[in-house]
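For reference, the structure discussed in these notes is given below.
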Amino acid sequence: MLLLELDDRDPKPVYRQIIDGVRRKIESGVLRAGDKLPSTRRLAEDLSLHRSTVALSYQELWALGYLDLRPRSSPRVRERVRIAGANGGGDEALIDWGRASAPAAGLAYQAYLQAERETDLSYGSSPVDFRSLDMDRRLFPLESFRRAMSRALLKNGASLLGYPSDRAGFPPLRETLARRLRSHGISVTAPEIFLTNGAQQALDMVLRLVAAPGRAVAIESPTYRQIIPLIRLHGLKALEVPVRDDGMDLSVLAAALRSKKLALVYTMPNFQNPTGVTTSQAHRERLLGLCETHRIPILEDGFEEEMKYFGRVVLPIKSMDRHRLVIYCGTLSKVLFPGVRIGWIAADRECVERLKAIRLFSELATSAVPQAAVHEFFESGAYDRHVSRMHRVFRKRMQTALRTLSQELDPEWAEWREPKGGYLIWIRMKPVPGRAVDWEGLLAGLGVKVSPGRPFFFSRTPASHLRLSISTVNEDEIVEGVGRLAEAARRAHAGRTS
């Protein structure tokens, strides 16, 4: 007999009490695999229930994998597969994911591990973070963006919550961005704008569009570190073109174009990451002319286009693009906040249509909710007010950083370029006679986070470079951090590392 205790005071239905009672007996070992259970008729009689109630319980236990039910046979306890615990419950993994992963995915994983290791350093007290290129959350326009989000939902309602009708992104925001790009000299219309989940996705989609495995992409050296594993992930080769004081070395690029066919030339003409270099109008014209001659697309990364706060504005390469070979990428992550994940591509209309096809088979569409909110933020004038504020704040921060570097850091120890905007300062630490210095580790001990130069080069480089970002530090923190950097250099040249 199957002894089950049913409680009339239990709020659970009787059939659920039967299920729980049988499960407890099986899981505690009272009932074992192969044991027979009473038929539905017999158990219903024993419990003074309707047979259908017991049948419902047995069906549920069968669905959960506890019972075998066969016609004209007694129900039996089933041999159940053990439920896996966290991480398999300690059992041996049968898949070696290192071997199962594609080679390009393995390279991306190694780059990911390297980035994770860089976050594991132990820093001194009250670290000053020159490593992050995030935005300073103290400057986020939270209240005005909250109002923009509310207006977007009130105006558009449920239409924002379904699948978007346009795979290129929220049409009103595309129109607003096209209008704003025209203020930067780029003559585009809304159909030539393609919204993305940040600039990183824009780079990925462009590479998927124009580059095939085995082809080569020309990149600046050093360059944006996150495009390096992306190039490898797509099975591409990289042609490294050195960055000089005036930008990409065009004589090296010209020589390469005479001997090989490139899929793409990737460049950051404004406040290049990591060097901070801004190229001249003449340099941009010559680069465009080279690519027009050889019919090579240019991927122009305007990630900090809005952050020009020193000197004269130089128009984007895309502004001179009469033959529609420039693909321009922009983002809100480096002037507003990265959490909205909005970037864009401005390109020839056929290029945009082909990007829409790629999107259809990878992510279907982007989210219209943040795009509609950002559109309201632009239209209210809040974005322009925010940019003006950012210019005031970061002009002072950059002036403070450059002044303090000149005061504290001996020219015999280091050299750097003065950027014309943005957030980055690229420092070359000069060799210390007779010894190699782990600058990152030395600075970590003094409570300073910096980005070492190595990950910004596709190939290894012997030089000791540091990238300083002022995007998350105020003037007092800059002065403190640069002072600690100078102390690290002083110790290194005095032969001390602690």
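Naming scheme: A, B, ... for chains in displayed order of the structure tokens; residues 1 onward per chain; ligands 1 onward as shown.
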
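Near A:Val81, within 12 Å and counting only C-alpha atoms, sit Ala33, Leu64, Gly65 and Tyr66 of chain A; same-chain residues fewer than 5 positions away were not included.
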
Distance table requested - stretch 352-405 of chain A against stretch 146-166 of chain A, cut-off 6 Å, only C-alpha atoms: one row per qualifying residue with the closest atom pair and its distance in Å to one decimal, ordered by chain and rising residue number, as a Markdown table.
```
| residue | atom | partner | partner_atom | distance |
| --- | --- | --- | --- | --- |
| A:Ala368 | CA | A:Leu160 | CA | 5.5 |
| A:Val369 | CA | A:Leu160 | CA | 5.7 |
| A:Ala372 | CA | A:Ala152 | CA | 5.6 |
| A:Ala373 | CA | A:Met149 | CA | 4.5 |
| A:Glu376 | CA | A:Ala148 | CA | 5.2 |
| A:Phe377 | CA | A:Ala148 | CA | 5.3 |
```

What's around A:Val252 at 8 Å? Count only C-alpha atoms, leave out sequence neighbours fewer than 3 positions away in its own chain, and write the answer as a PDB file with C-alpha atoms, in the first residue's frame.
```
ATOM      1  CA  VAL A 241      50.243  51.886 -40.327  1.00  0.00           C
ATOM      2  CA  PRO A 242      52.240  53.894 -37.776  1.00  0.00           C
ATOM      3  CA  ASP A 249      51.614  57.650 -41.942  1.00  0.00           C
ATOM      4  CA  ALA A 255      53.112  51.989 -50.560  1.00  0.00           C
ATOM      5  CA  ALA A 256      50.861  49.217 -49.255  1.00  0.00           C
TER       6      ALA A 256
END
```

Residues near stretch 1-14 of chain A, cut-off 12 Å, only C-alpha atoms, skip fewer than 3 positions along chain, as a PyMOL selection string: chain A and resi 17-26+30-31+35-40+42-50+52-57

Please tabulate, as JSON lines, the residues of stretch 123-191 of chain A that come within 12 Å of stretch 394-405 of chain A, each with its closest pair of atoms and the distance in Å to one decimal, counting only C-alpha atoms and ordering rows by chain, then residue number upward.
```
{"residue": "A:Phe130", "atom": "CA", "partner": "A:Ala401", "partner_atom": "CA", "distance": 10.9}
{"residue": "A:Met135", "atom": "CA", "partner": "A:Phe394", "partner_atom": "CA", "distance": 11.4}
{"residue": "A:Asp136", "atom": "CA", "partner": "A:Phe394", "partner_atom": "CA", "distance": 10.7}
{"residue": "A:Leu139", "atom": "CA", "partner": "A:Phe394", "partner_atom": "CA", "distance": 10.9}
```

N, CA and C atoms of the current selection, written as a compact mmCIF listing (two decimals), in the first residue's frame:
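The new file out_39.txt reads:
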```txt
# COMPACT_ATOMS: atom_id res chain seq x y z
N PHE A 130 42.88 56.49 -14.15
CA PHE A 130 43.16 57.04 -15.47
C PHE A 130 42.94 55.99 -16.56
N MET A 135 32.13 57.26 -18.89
CA MET A 135 31.80 58.65 -18.60
C MET A 135 31.70 58.87 -17.10
N ASP A 136 32.01 60.07 -16.67
CA ASP A 136 31.93 60.43 -15.26
C ASP A 136 30.46 60.50 -14.85
N LEU A 139 28.42 63.52 -13.87
CA LEU A 139 27.99 64.50 -14.87
C LEU A 139 26.75 64.04 -15.64
```

Near-stretch 314-320 of chain A list (6 Å; only C-alpha atoms; drop same-chain fewer than 3 positions) as a PDB file with N, CA and C atoms, in the first residue's frame:
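As a result, result_11.pdb now contains:
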```
ATOM      1  N   GLY A 185      29.029  69.229 -41.278  1.00  0.00           N
ATOM      2  CA  GLY A 185      29.464  69.242 -42.663  1.00  0.00           C
ATOM      3  C   GLY A 185      29.199  67.965 -43.425  1.00  0.00           C
ATOM      4  N   ILE A 186      28.546  66.978 -42.801  1.00  0.00           N
ATOM      5  CA  ILE A 186      28.274  65.702 -43.456  1.00  0.00           C
ATOM      6  C   ILE A 186      26.878  65.760 -44.062  1.00  0.00           C
ATOM      7  N   ARG A 284      43.517  64.670 -44.122  1.00  0.00           N
ATOM      8  CA  ARG A 284      42.245  64.014 -44.423  1.00  0.00           C
ATOM      9  C   ARG A 284      41.985  63.980 -45.929  1.00  0.00           C
ATOM     10  N   VAL A 326      33.100  56.539 -47.834  1.00  0.00           N
ATOM     11  CA  VAL A 326      33.373  56.681 -46.402  1.00  0.00           C
ATOM     12  C   VAL A 326      32.176  56.183 -45.601  1.00  0.00           C
TER      13      VAL A 326
END
```

Leaving out stretch 384-387 of chain A and any residue of its chain fewer than 6 positions from it, which residues lie within 9 Å of it when counting only C-alpha atoms, given as a compact mmCIF listing (two decimals) with N, CA and C atoms, in the first residue's frame?
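Output saved as around_9.txt:
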```txt
# COMPACT_ATOMS: atom_id res chain seq x y z
N LEU A 139 28.42 63.52 -13.87
CA LEU A 139 27.99 64.50 -14.87
C LEU A 139 26.75 64.04 -15.64
N PHE A 140 26.22 62.87 -15.32
CA PHE A 140 25.07 62.36 -16.06
C PHE A 140 23.85 63.28 -15.88
N PRO A 141 23.17 63.66 -16.97
CA PRO A 141 21.96 64.50 -16.86
C PRO A 141 20.74 63.63 -16.57
N GLU A 306 32.10 65.17 -30.89
CA GLU A 306 31.51 66.32 -30.20
C GLU A 306 32.47 66.98 -29.21
N MET A 307 33.59 66.31 -28.90
CA MET A 307 34.43 66.80 -27.79
C MET A 307 35.62 67.63 -28.26
N VAL A 335 29.95 61.01 -24.86
CA VAL A 335 29.58 62.38 -24.53
C VAL A 335 28.34 62.42 -23.65
N LEU A 336 27.43 61.46 -23.81
CA LEU A 336 26.22 61.43 -22.99
C LEU A 336 26.38 60.36 -21.91
N PHE A 378 17.29 65.09 -27.50
CA PHE A 378 17.81 66.02 -28.51
C PHE A 378 16.83 67.15 -28.77
```

- Item | Shell around stretch 407-409 of chain A at 9 Å using only C-alpha atoms, local window under 2 positions removed, as a ChimeraX atom specification | /A:402-405,411-415,482-483,485-487,489-490

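Between atom CA of A:Pro269 and atom CA of A:Thr366 lies a distance of 27.9 Å.
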